[in-house]
$ cat protein26.csv   # CSV, C-alpha atoms
chain,number,residue,atom,x,y,z
A,15,MET,CA,0.5,-41.4,-25.4
A,16,THR,CA,-2.4,-43.7,-24.6
A,17,PRO,CA,-5.9,-43.1,-25.9
A,18,GLU,CA,-7.0,-42.1,-22.4
A,19,ASP,CA,-4.2,-39.5,-22.2
A,20,GLN,CA,-5.3,-38.1,-25.6
A,21,GLU,CA,-8.8,-37.8,-24.3
A,22,GLU,CA,-7.8,-36.0,-21.2
A,23,THR,CA,-5.9,-33.3,-23.2
A,24,GLN,CA,-9.0,-32.4,-25.3
A,25,PRO,CA,-11.0,-29.3,-24.3
A,26,LEU,CA,-14.1,-30.2,-22.3
A,27,LEU,CA,-16.5,-28.6,-24.7
A,28,ARG,CA,-14.8,-29.2,-28.1
A,29,PRO,CA,-17.7,-29.5,-30.6
A,30,PRO,CA,-17.7,-32.7,-32.7
A,31,ARG,CA,-18.0,-32.1,-36.4
A,32,GLY,CA,-21.3,-30.7,-37.3
A,33,SER,CA,-22.3,-30.2,-33.7
A,34,VAL,CA,-23.2,-26.5,-33.6
A,35,PRO,CA,-25.3,-26.6,-30.3
A,36,ARG,CA,-22.3,-28.1,-28.4
A,37,GLY,CA,-20.0,-25.4,-29.9
A,38,ARG,CA,-22.4,-22.8,-28.5
A,39,ARG,CA,-22.0,-24.2,-25.0
A,40,VAL,CA,-18.3,-23.1,-25.2
A,41,PHE,CA,-19.3,-19.5,-25.7
A,42,LEU,CA,-22.0,-19.7,-23.0
A,43,ALA,CA,-19.7,-21.2,-20.5
A,44,ALA,CA,-17.0,-18.6,-21.3
A,45,PHE,CA,-19.5,-15.8,-20.9
A,46,ALA,CA,-20.6,-17.2,-17.5
A,47,ALA,CA,-17.0,-17.4,-16.4
A,48,ALA,CA,-16.3,-13.9,-17.6
A,49,LEU,CA,-19.0,-12.5,-15.3
A,50,GLY,CA,-16.4,-12.8,-12.6
A,51,PRO,CA,-14.0,-10.4,-14.4
A,52,LEU,CA,-17.0,-8.1,-15.0
A,53,SER,CA,-17.4,-7.8,-11.3
A,54,PHE,CA,-13.7,-7.5,-10.9
A,55,GLY,CA,-13.6,-4.5,-13.2
A,56,PHE,CA,-16.5,-2.8,-11.4
A,57,ALA,CA,-14.7,-3.2,-8.1
A,58,LEU,CA,-11.5,-1.7,-9.6
A,59,GLY,CA,-13.4,1.3,-11.0
A,60,TYR,CA,-15.6,1.8,-8.0
A,61,SER,CA,-13.1,3.9,-6.1
A,62,SER,CA,-13.0,6.6,-8.7
A,63,PRO,CA,-16.7,7.7,-8.4
A,64,ALA,CA,-16.8,6.9,-4.7
A,65,ILE,CA,-13.8,8.8,-3.4
A,66,PRO,CA,-14.9,12.4,-4.2
A,67,SER,CA,-18.2,11.8,-2.4
A,68,LEU,CA,-16.5,10.1,0.6
A,69,ARG,CA,-14.0,13.0,0.9
A,70,ARG,CA,-16.8,15.6,1.4
A,71,ALA,CA,-19.1,13.3,3.4
A,72,ALA,CA,-20.6,14.9,6.5
A,73,PRO,CA,-20.8,13.1,9.9
A,74,PRO,CA,-22.0,10.5,10.9
A,75,ALA,CA,-21.0,9.1,7.5
A,76,PRO,CA,-17.3,8.1,7.2
A,77,ARG,CA,-15.1,10.7,5.6
A,78,LEU,CA,-11.8,10.1,3.9
A,79,ASP,CA,-8.8,12.4,4.2
A,80,ALA,CA,-6.1,12.4,1.5
A,81,ALA,CA,-4.1,9.5,3.0
A,82,ALA,CA,-7.2,7.4,3.6
A,83,ALA,CA,-8.4,8.1,0.1
A,84,SER,CA,-5.1,6.9,-1.3
A,85,TRP,CA,-5.4,3.7,0.7
A,86,PHE,CA,-9.1,3.3,-0.3
A,87,GLY,CA,-8.0,3.1,-3.9
A,88,ALA,CA,-4.9,1.0,-3.4
A,89,ILE,CA,-6.0,-1.6,-0.8
A,90,VAL,CA,-8.0,-3.5,-3.3
A,91,THR,CA,-4.8,-4.6,-5.0
A,92,LEU,CA,-3.5,-6.0,-1.7
A,93,GLY,CA,-6.7,-8.0,-1.4
A,94,ALA,CA,-6.3,-9.2,-4.9
A,95,ALA,CA,-2.7,-10.4,-4.2
A,96,ALA,CA,-4.1,-12.5,-1.3
A,97,GLY,CA,-6.9,-13.6,-3.6
A,98,GLY,CA,-4.3,-14.9,-6.1
A,99,VAL,CA,-2.8,-17.1,-3.5
A,100,LEU,CA,-6.2,-18.3,-2.3
A,101,GLY,CA,-7.3,-18.9,-5.9
A,102,GLY,CA,-4.3,-21.0,-6.7
A,103,TRP,CA,-5.2,-23.2,-3.8
A,104,LEU,CA,-8.9,-23.3,-4.6
A,105,VAL,CA,-8.5,-24.3,-8.3
A,106,ASP,CA,-6.6,-27.4,-7.2
A,107,ARG,CA,-8.8,-28.3,-4.3
A,108,ALA,CA,-12.3,-27.2,-5.1
A,109,GLY,CA,-12.1,-27.1,-8.9
A,110,ARG,CA,-12.5,-24.3,-11.4
A,111,LYS,CA,-16.3,-24.1,-11.3
A,112,LEU,CA,-16.7,-24.0,-7.5
A,113,SER,CA,-13.8,-21.4,-7.3
A,114,LEU,CA,-15.7,-19.1,-9.7
A,115,LEU,CA,-18.9,-19.5,-7.6
A,116,PHE,CA,-16.9,-18.8,-4.4
A,117,CYS,CA,-16.0,-15.4,-5.8
A,118,THR,CA,-19.6,-14.2,-5.2
A,119,VAL,CA,-19.2,-14.5,-1.5
A,120,PRO,CA,-16.4,-11.8,-1.0
A,121,PHE,CA,-17.9,-9.7,-3.8
A,122,VAL,CA,-21.3,-9.5,-2.2
A,123,THR,CA,-20.0,-9.3,1.4
A,124,GLY,CA,-17.5,-6.6,0.5
A,125,PHE,CA,-20.0,-4.3,-1.1
A,126,ALA,CA,-22.5,-4.9,1.7
A,127,VAL,CA,-19.8,-3.8,4.2
A,128,ILE,CA,-19.0,-0.7,2.2
A,129,THR,CA,-22.7,0.2,1.9
A,130,ALA,CA,-23.3,-0.2,5.7
A,131,ALA,CA,-19.9,1.3,6.7
A,132,GLN,CA,-20.0,3.4,9.9
A,133,ASP,CA,-16.3,4.3,9.9
A,134,VAL,CA,-13.2,4.3,7.6
A,135,TRP,CA,-12.1,0.9,8.8
A,136,MET,CA,-15.3,-0.7,7.5
A,137,LEU,CA,-14.7,1.0,4.2
A,138,MET,CA,-11.2,-0.4,4.0
A,139,GLY,CA,-12.4,-3.9,5.1
A,140,GLY,CA,-15.1,-3.9,2.4
A,141,ARG,CA,-12.5,-2.9,-0.3
A,142,LEU,CA,-10.2,-5.6,0.9
A,143,LEU,CA,-12.9,-8.2,0.6
A,144,THR,CA,-13.8,-7.1,-3.0
A,145,GLY,CA,-10.0,-7.2,-3.8
A,146,LEU,CA,-9.9,-10.7,-2.5
A,147,ALA,CA,-12.6,-11.6,-5.0
A,148,CYS,CA,-10.8,-9.8,-7.7
A,149,GLY,CA,-7.7,-11.8,-7.2
A,150,ILE,CA,-9.6,-15.1,-7.3
A,151,ALA,CA,-11.6,-14.1,-10.4
A,152,SER,CA,-8.5,-12.9,-12.2
A,153,LEU,CA,-6.8,-16.3,-11.7
A,154,VAL,CA,-9.7,-18.7,-12.2
A,155,ALA,CA,-11.5,-17.2,-15.1
A,156,PRO,CA,-8.6,-17.3,-17.6
A,157,VAL,CA,-7.7,-20.8,-16.5
A,158,TYR,CA,-11.2,-22.1,-16.9
A,159,ILE,CA,-11.8,-20.5,-20.3
A,160,SER,CA,-8.5,-21.8,-21.7
A,161,GLU,CA,-9.3,-25.4,-20.6
A,162,ILE,CA,-12.9,-25.5,-22.0
A,163,ALA,CA,-12.1,-23.9,-25.3
A,164,TYR,CA,-10.8,-25.6,-28.4
A,165,PRO,CA,-7.6,-24.0,-30.0
A,166,GLU,CA,-9.5,-22.2,-32.8
A,167,VAL,CA,-11.4,-20.0,-30.4
A,168,ARG,CA,-9.2,-20.0,-27.3
A,169,GLY,CA,-7.6,-16.7,-28.1
A,170,LEU,CA,-10.9,-15.0,-28.8
A,171,LEU,CA,-12.5,-16.3,-25.6
A,172,GLY,CA,-9.5,-15.6,-23.5
A,173,SER,CA,-9.4,-12.0,-24.6
A,174,CYS,CA,-13.0,-11.6,-23.3
A,175,VAL,CA,-11.6,-11.6,-19.8
A,176,GLN,CA,-9.9,-8.2,-20.3
A,177,LEU,CA,-12.9,-6.9,-22.3
A,178,MET,CA,-15.2,-7.7,-19.4
A,179,VAL,CA,-12.9,-6.0,-16.9
A,180,VAL,CA,-12.9,-2.8,-19.0
A,181,ILE,CA,-16.7,-3.0,-19.3
A,182,GLY,CA,-16.9,-3.4,-15.5
A,183,ILE,CA,-14.8,-0.3,-15.1
A,184,LEU,CA,-16.9,1.6,-17.6
A,185,LEU,CA,-20.1,0.6,-15.7
A,186,ALA,CA,-18.6,1.9,-12.5
A,187,TYR,CA,-17.8,5.2,-14.1
A,188,LEU,CA,-21.3,5.5,-15.6
A,189,ALA,CA,-22.9,4.6,-12.3
A,190,GLY,CA,-21.4,7.8,-10.8
A,191,LEU,CA,-20.9,10.4,-13.5
A,192,PRO,CA,-18.9,13.3,-12.3
A,193,ALA,CA,-21.0,16.1,-10.8
A,194,GLY,CA,-18.4,18.8,-11.4
A,195,PRO,CA,-14.8,19.5,-12.6
A,196,ALA,CA,-13.2,18.4,-9.3
A,197,GLU,CA,-14.7,14.9,-9.6
A,198,ALA,CA,-13.9,14.7,-13.3
A,199,ALA,CA,-10.3,15.6,-12.5
A,200,TRP,CA,-10.0,13.0,-9.8
A,201,ARG,CA,-11.4,10.3,-12.1
A,202,LEU,CA,-9.0,11.2,-14.9
A,203,GLN,CA,-6.1,10.8,-12.5
A,204,ALA,CA,-7.5,7.5,-11.2
A,205,LEU,CA,-7.8,6.2,-14.8
A,206,ARG,CA,-4.2,7.1,-15.5
A,207,HIS,CA,-3.0,5.4,-12.4
A,208,TRP,CA,-5.0,2.3,-13.1
A,209,HIS,CA,-3.6,1.8,-16.6
A,210,LEU,CA,0.0,2.3,-15.3
A,211,ALA,CA,-0.6,-0.1,-12.4
A,212,ASP,CA,-2.0,-2.8,-14.6
A,213,GLY,CA,0.4,-2.1,-17.5
A,214,LEU,CA,3.8,-2.2,-15.8
A,215,PRO,CA,3.6,-5.5,-14.0
A,216,ALA,CA,2.0,-7.0,-17.1
A,217,ALA,CA,5.1,-6.1,-19.0
A,218,VAL,CA,6.8,-9.3,-18.0
A,219,GLY,CA,4.1,-11.3,-19.6
A,220,ASP,CA,3.5,-9.2,-22.8
A,221,GLN,CA,2.0,-10.7,-25.9
A,222,ARG,CA,2.1,-14.3,-27.2
A,223,ASP,CA,2.5,-14.0,-31.0
A,224,HIS,CA,6.2,-14.6,-31.2
A,225,VAL,CA,9.0,-17.1,-31.0
A,226,LEU,CA,7.7,-20.3,-32.4
A,227,ARG,CA,6.2,-18.7,-35.5
A,228,ARG,CA,8.8,-16.2,-36.8
A,229,ASP,CA,6.5,-15.0,-39.6
A,230,HIS,CA,4.2,-13.4,-37.0
A,231,LEU,CA,7.1,-11.9,-35.0
A,232,ARG,CA,6.9,-8.4,-36.4
A,233,GLY,CA,3.2,-8.1,-36.1
A,234,GLY,CA,3.3,-9.3,-32.5
A,235,GLN,CA,5.7,-6.6,-31.5
A,236,VAL,CA,3.6,-3.7,-32.7
A,237,GLN,CA,1.8,-3.4,-29.4
A,238,GLY,CA,5.0,-3.3,-27.5
A,239,VAL,CA,6.5,-0.6,-29.8
A,240,VAL,CA,3.3,1.4,-29.4
A,241,MET,CA,3.6,1.3,-25.6
A,242,VAL,CA,7.3,2.4,-25.8
A,243,PHE,CA,6.4,5.3,-28.0
A,244,SER,CA,3.4,6.5,-26.1
A,245,THR,CA,5.1,6.5,-22.6
A,246,SER,CA,8.2,8.2,-24.1
A,247,ALA,CA,6.0,10.8,-25.7
A,248,PHE,CA,4.1,11.4,-22.5
A,249,GLY,CA,7.4,11.9,-20.7
A,250,ALA,CA,8.5,14.3,-23.5
A,251,TYR,CA,5.3,16.3,-22.9
A,252,PHE,CA,6.2,16.8,-19.2
A,253,LYS,CA,9.8,17.6,-20.1
A,254,LEU,CA,8.8,20.3,-22.6
A,255,THR,CA,6.2,21.9,-20.4
A,256,GLN,CA,8.1,21.9,-17.1
A,257,GLY,CA,9.2,25.2,-15.6
A,258,GLY,CA,12.5,26.4,-14.4
A,259,PRO,CA,14.7,25.0,-11.6
A,260,SER,CA,12.6,26.8,-8.9
A,261,ASN,CA,9.6,24.6,-9.6
A,262,SER,CA,8.5,22.2,-6.9
A,263,SER,CA,9.3,18.6,-7.5
A,264,HIS,CA,5.9,17.5,-6.2
A,265,VAL,CA,3.7,17.3,-9.4
A,266,ASP,CA,0.2,16.1,-9.7
A,267,LEU,CA,-0.8,14.7,-13.1
A,268,LEU,CA,-3.7,17.1,-13.1
A,269,ALA,CA,-1.9,20.1,-11.6
A,270,PRO,CA,0.0,22.7,-13.6
A,271,VAL,CA,3.6,21.6,-14.0
A,272,SER,CA,4.8,24.7,-15.7
A,273,THR,CA,5.2,28.4,-14.9
A,274,GLU,CA,5.2,29.2,-18.6
A,275,PRO,CA,2.1,30.9,-20.1
A,276,ALA,CA,-0.9,28.7,-20.3
A,277,ASP,CA,-1.0,28.8,-24.1
A,278,ALA,CA,2.5,27.2,-24.3
A,279,SER,CA,1.3,24.1,-22.5
A,280,ALA,CA,-2.0,24.2,-24.4
A,281,GLY,CA,-0.1,24.0,-27.6
A,282,LEU,CA,1.3,20.7,-26.6
A,283,ALA,CA,-1.9,19.3,-25.1
A,284,TRP,CA,-2.4,17.1,-28.2
A,285,LEU,CA,0.9,15.3,-27.4
A,286,ALA,CA,-0.4,14.4,-23.9
A,287,VAL,CA,-3.8,13.3,-25.1
A,288,GLY,CA,-2.5,11.5,-28.2
A,289,SER,CA,0.2,9.6,-26.2
A,290,MET,CA,-2.3,8.5,-23.6
A,291,CYS,CA,-4.8,7.3,-26.2
A,292,LEU,CA,-1.9,5.3,-27.8
A,293,PHE,CA,-1.0,3.8,-24.4
A,294,ILE,CA,-4.5,2.7,-23.7
A,295,ALA,CA,-5.0,1.3,-27.2
A,296,GLY,CA,-1.7,-0.6,-27.1
A,297,PHE,CA,-2.5,-1.9,-23.6
A,298,ALA,CA,-6.0,-3.0,-24.6
A,299,VAL,CA,-4.8,-4.9,-27.7
A,300,GLY,CA,-1.7,-6.6,-26.2
A,301,TRP,CA,-0.7,-6.3,-22.6
A,302,GLY,CA,-4.2,-6.2,-21.2
A,303,PRO,CA,-5.7,-9.5,-22.3
A,304,ILE,CA,-2.7,-11.6,-23.6
A,305,PRO,CA,-0.7,-12.1,-20.3
A,306,TRP,CA,-3.7,-13.5,-18.6
A,307,LEU,CA,-4.4,-15.8,-21.6
A,308,LEU,CA,-0.8,-16.9,-21.8
A,309,MET,CA,-0.6,-17.6,-18.1
A,310,SER,CA,-3.5,-20.0,-18.4
A,311,GLU,CA,-1.9,-21.8,-21.3
A,312,ILE,CA,1.8,-22.4,-20.6
A,313,PHE,CA,1.6,-24.1,-17.2
A,314,PRO,CA,1.1,-27.9,-17.0
A,315,LEU,CA,-2.0,-29.1,-15.2
A,316,HIS,CA,-0.2,-30.5,-12.1
A,317,VAL,CA,1.3,-27.1,-11.2
A,318,LYS,CA,-1.2,-24.8,-12.8
A,319,GLY,CA,-2.9,-23.8,-9.5
A,320,VAL,CA,0.3,-22.9,-7.7
A,321,ALA,CA,2.1,-21.3,-10.7
A,322,THR,CA,-0.8,-19.1,-11.7
A,323,GLY,CA,-1.2,-18.1,-8.1
A,324,VAL,CA,2.4,-16.9,-8.0
A,325,CYS,CA,1.8,-14.9,-11.2
A,326,VAL,CA,-1.4,-13.3,-9.9
A,327,LEU,CA,0.3,-12.5,-6.5
A,328,THR,CA,3.3,-10.8,-8.3
A,329,ASN,CA,1.0,-8.9,-10.6
A,330,TRP,CA,-1.2,-7.4,-7.8
A,331,LEU,CA,1.7,-6.7,-5.5
A,332,MET,CA,3.4,-4.7,-8.3
A,333,ALA,CA,0.1,-3.0,-9.0
A,334,PHE,CA,-0.2,-2.0,-5.4
A,335,LEU,CA,3.3,-0.5,-5.4
A,336,VAL,CA,2.7,1.5,-8.5
A,337,THR,CA,-0.8,2.7,-7.4
A,338,LYS,CA,0.3,3.7,-3.9
A,339,GLU,CA,3.8,5.2,-4.7
A,340,PHE,CA,3.3,6.7,-8.1
A,341,ASN,CA,3.1,10.3,-6.8
A,342,SER,CA,6.3,9.7,-4.8
A,343,LEU,CA,8.0,8.3,-7.9
A,344,MET,CA,7.1,11.5,-9.7
A,345,GLU,CA,8.5,13.6,-6.9
A,346,VAL,CA,11.9,11.8,-7.1
A,347,LEU,CA,12.2,11.3,-10.9
A,348,ARG,CA,10.1,14.3,-12.0
A,349,PRO,CA,7.1,13.5,-14.2
A,350,TYR,CA,9.1,13.0,-17.4
A,351,GLY,CA,11.5,10.7,-15.6
A,352,ALA,CA,8.6,8.5,-14.2
A,353,PHE,CA,7.2,8.0,-17.7
A,354,TRP,CA,10.6,7.4,-19.3
A,355,LEU,CA,11.1,4.7,-16.6
A,356,ALA,CA,7.8,3.2,-17.7
A,357,SER,CA,9.1,3.3,-21.3
A,358,ALA,CA,12.3,1.5,-20.2
A,359,PHE,CA,10.1,-1.3,-18.7
A,360,CYS,CA,8.2,-1.5,-22.0
A,361,ILE,CA,11.5,-1.9,-24.0
A,362,VAL,CA,12.7,-4.7,-21.6
A,363,SER,CA,9.4,-6.5,-22.0
A,364,VAL,CA,9.5,-6.2,-25.8
A,365,LEU,CA,13.0,-7.8,-25.8
A,366,PHE,CA,11.8,-10.5,-23.3
A,367,THR,CA,8.8,-11.3,-25.6
A,368,LEU,CA,11.0,-11.4,-28.7
A,369,PHE,CA,13.4,-14.0,-27.2
A,370,CYS,CA,11.6,-15.9,-24.5
A,371,VAL,CA,7.8,-16.0,-25.1
A,372,PRO,CA,6.5,-18.9,-27.3
A,373,GLU,CA,3.8,-18.8,-29.8
A,374,THR,CA,0.6,-20.6,-28.7
A,375,LYS,CA,-1.8,-19.7,-31.4
A,376,GLY,CA,-3.7,-22.8,-32.7
A,377,LYS,CA,-1.9,-25.2,-30.4
A,378,THR,CA,-3.5,-27.5,-27.9
A,379,LEU,CA,-2.6,-27.3,-24.2
A,380,GLU,CA,-0.7,-30.6,-24.6
A,381,GLN,CA,1.4,-29.2,-27.5
A,382,ILE,CA,2.3,-26.2,-25.4
A,383,THR,CA,3.3,-28.3,-22.4
A,384,ALA,CA,5.4,-30.5,-24.7
A,385,HIS,CA,7.3,-27.5,-26.0
A,386,PHE,CA,8.3,-26.4,-22.5
A,387,GLU,CA,9.3,-29.9,-21.6
A,388,GLY,CA,11.5,-30.2,-24.7
A,389,ARG,CA,9.4,-33.0,-26.3
$ encode --input "protein26.csv" --output "structure tokens"
Amino acid sequence: MTPEDQEETQPLLRPPRGSVPRGRRVFLAAFAAALGPLSFGFALGYSSPAIPSLRRAAPPAPRLDAAAASWFGAIVTLGAAAGGVLGGWLVDRAGRKLSLLFCTVPFVTGFAVITAAQDVWMLMGGRLLTGLACGIASLVAPVYISEIAYPEVRGLLGSCVQLMVVIGILLAYLAGLPAGPAEAAWRLQALRHWHLADGLPAAVGDQRDHVLRRDHLRGGQVQGVVMVFSTSAFGAYFKLTQGGPSNSSHVDLLAPVSTEPADASAGLAWLAVGSMCLFIAGFAVGWGPIPWLLMSEIFPLHVKGVATGVCVLTNWLMAFLVTKEFNSLMEVLRPYGAFWLASAFCIVSVLFTLFCVPETKGKTLEQITAHFEGR
């Protein structure tokens, strides 16, 4: 490797020894890049407080029926899938910085269209535009942060992407606190659907603390085991509280699923709440941030744009399928079957991580590329 090649593989903002101000520039640049995922999280969470209001809107304001409300929540993932493809092209043609700046155009335009909407189609168009921006931001931000950061802080800064997404969702929820039990119920259902939609496709990525450093193997699998346990326990809750054979197969997550006395289900409420908390915690620690960070690390520079675009496209298409068809899946498999299917995906992803995912902790991007090229 020539000196020029070595220079090219160094992070852009690696601080020289004793250069604290330049080290701070890494964190400042990462924070600026993470503002895209913050907007991305707000766009994802926006549908939850908005849908109850739109469903009871009076003319001439656009009003959503049940089918339109479902599409209003799910169509953002289709826009994000298209944004993944566009983002993969942009990072190679326009660069990382300009691609991040470009995200502001569909974000601002999309919310402006939603605000000025006169009919349902304008609402859908606005959501599609914000989804497009979400897809670009979800691709470009992790790539940019992984390239500017030095190995010692790359994991920390890369995890900030998921943190900012969650903060954006929280801000969307706080911006429209539920006015009553009906709105609160809708948002709880949307929260469950969002975590499932983001968690299942992320399963193929999983965590990164594994193969190359066997001493970290057991610790790295903890999040996967937590996810397996929590989804299995949630399925067990529905199995234990289901009624007799005469029950309808159509079950809403928030509707009664049992003809047994209310106190029988209430006695197991701790199982549902506890397993959901475990699921969210396991997702936030492992499967939320790490797949995006790993995606930005393992691909060599000459294919990074296309390869990350394919990853983002796959993620958001699967998110759309889960978000749009989750209730149908519960009708076919029953609630417990749907969650046990999720548990099976978690088991497969743990095994995939155990045998196929390399350790990237503390390694430069050049060392990671050399591993996959067999050097």
$ atom_distance --input "protein26.csv" --atom1 "CA of Thr91 (chain A)" --atom2 "CA of Arg107 (chain A)"
24.0 Å
$ closest_residue --input "protein26.csv" --among "A:Ala352, A:Leu308, A:Cys148, A:Ala108" --to "Leu92 (chain A)" --atoms "only C-alpha atoms"
A:Cys148
$ atom_distance --input "protein26.csv" --atom1 "CA of Leu143 (chain A)" --atom2 "CA of Leu78 (chain A)"
18.6 Å
$ atom_distance --input "protein26.csv" --atom1 "CA of Thr383 (chain A)" --atom2 "CA of Gly102 (chain A)"
18.9 Å
$ closest_residue --input "protein26.csv" --among "A:Ala384, A:Val122, A:Val317, A:Ala57" --to "Gly93 (chain A)" --atoms "all atoms listed in the file"
A:Ala57
$ closest_residue --input "protein26.csv" --among "A:Ile150, A:Cys325, A:Ala88, A:Ile382" --to "Tyr60 (chain A)" --atoms "all atoms listed in the file"
A:Ala88
$ closest_residue --input "protein26.csv" --among "A:Ser310, A:Thr118, A:Val154, A:Val40" --to "Leu171 (chain A)" --atoms "only C-alpha atoms"
A:Val40
$ residues_around --input "protein26.csv" --residues "Ile65 (chain A)" --least-positions-apart "4" --cutoff "7 Å" --atoms "only C-alpha atoms" --output "JSON, numbers by chain"
{"A": [61, 69, 83]}
$ closest_residue --input "protein26.csv" --among "A:Cys291, A:Leu307, A:Leu331, A:Ala286" --to "Ala95 (chain A)" --atoms "all atoms listed in the file"
A:Leu331
$ closest_residue --input "protein26.csv" --among "A:Pro305, A:Gly87, A:Pro120, A:Gly101" --to "Asn329 (chain A)" --atoms "all atoms listed in the file"
A:Pro305
$ residues_around --input "protein26.csv" --residues "Gly140 (chain A)" --least-positions-apart "6" --cutoff "10 Å" --atoms "all atoms listed in the file" --output "list of chain:residue names"
A:Phe86, A:Ile89, A:Val90, A:Pro120, A:Phe121, A:Val122, A:Thr123, A:Gly124, A:Phe125, A:Ala126, A:Val127, A:Ile128, A:Thr129, A:Ala130, A:Ala131, A:Val134, A:Leu146
$ decode --input "protein26.csv" --residues "region 365-376 of chain A" --atoms "N, CA, C and O atoms" --output "compact mmCIF listing (two decimals), in the first residue's frame"
# COMPACT_ATOMS: atom_id res chain seq x y z
N LEU A 365 -28.58 -16.86 14.69
CA LEU A 365 -27.68 -17.85 14.08
C LEU A 365 -26.88 -17.22 12.94
O LEU A 365 -25.68 -17.50 12.78
N PHE A 366 -27.54 -16.38 12.15
CA PHE A 366 -26.85 -15.70 11.06
C PHE A 366 -25.72 -14.83 11.60
O PHE A 366 -24.60 -14.82 11.07
N THR A 367 -26.02 -14.09 12.66
CA THR A 367 -25.00 -13.24 13.27
C THR A 367 -23.85 -14.05 13.83
O THR A 367 -22.68 -13.70 13.68
N LEU A 368 -24.18 -15.15 14.47
CA LEU A 368 -23.17 -15.99 15.11
C LEU A 368 -22.15 -16.50 14.12
O LEU A 368 -20.94 -16.53 14.39
N PHE A 369 -22.61 -16.89 12.93
CA PHE A 369 -21.72 -17.56 11.98
C PHE A 369 -21.26 -16.68 10.83
O PHE A 369 -20.28 -17.02 10.16
N CYS A 370 -21.94 -15.58 10.57
CA CYS A 370 -21.63 -14.83 9.34
C CYS A 370 -21.21 -13.37 9.55
O CYS A 370 -20.59 -12.80 8.65
N VAL A 371 -21.57 -12.76 10.66
CA VAL A 371 -21.33 -11.32 10.82
C VAL A 371 -19.97 -11.09 11.46
O VAL A 371 -19.69 -11.62 12.54
N PRO A 372 -19.09 -10.30 10.83
CA PRO A 372 -17.75 -10.06 11.38
C PRO A 372 -17.75 -8.99 12.45
O PRO A 372 -18.62 -8.14 12.50
N GLU A 373 -16.75 -9.06 13.31
CA GLU A 373 -16.52 -8.01 14.31
C GLU A 373 -15.81 -6.83 13.65
O GLU A 373 -14.83 -7.01 12.92
N THR A 374 -16.33 -5.63 13.88
CA THR A 374 -15.72 -4.44 13.29
C THR A 374 -15.24 -3.45 14.34
O THR A 374 -14.75 -2.38 14.00
N LYS A 375 -15.39 -3.79 15.60
CA LYS A 375 -15.01 -2.89 16.68
C LYS A 375 -13.52 -2.55 16.61
O LYS A 375 -12.67 -3.43 16.55
N GLY A 376 -13.20 -1.24 16.63
CA GLY A 376 -11.82 -0.80 16.67
C GLY A 376 -11.04 -0.96 15.39
O GLY A 376 -9.84 -0.72 15.36
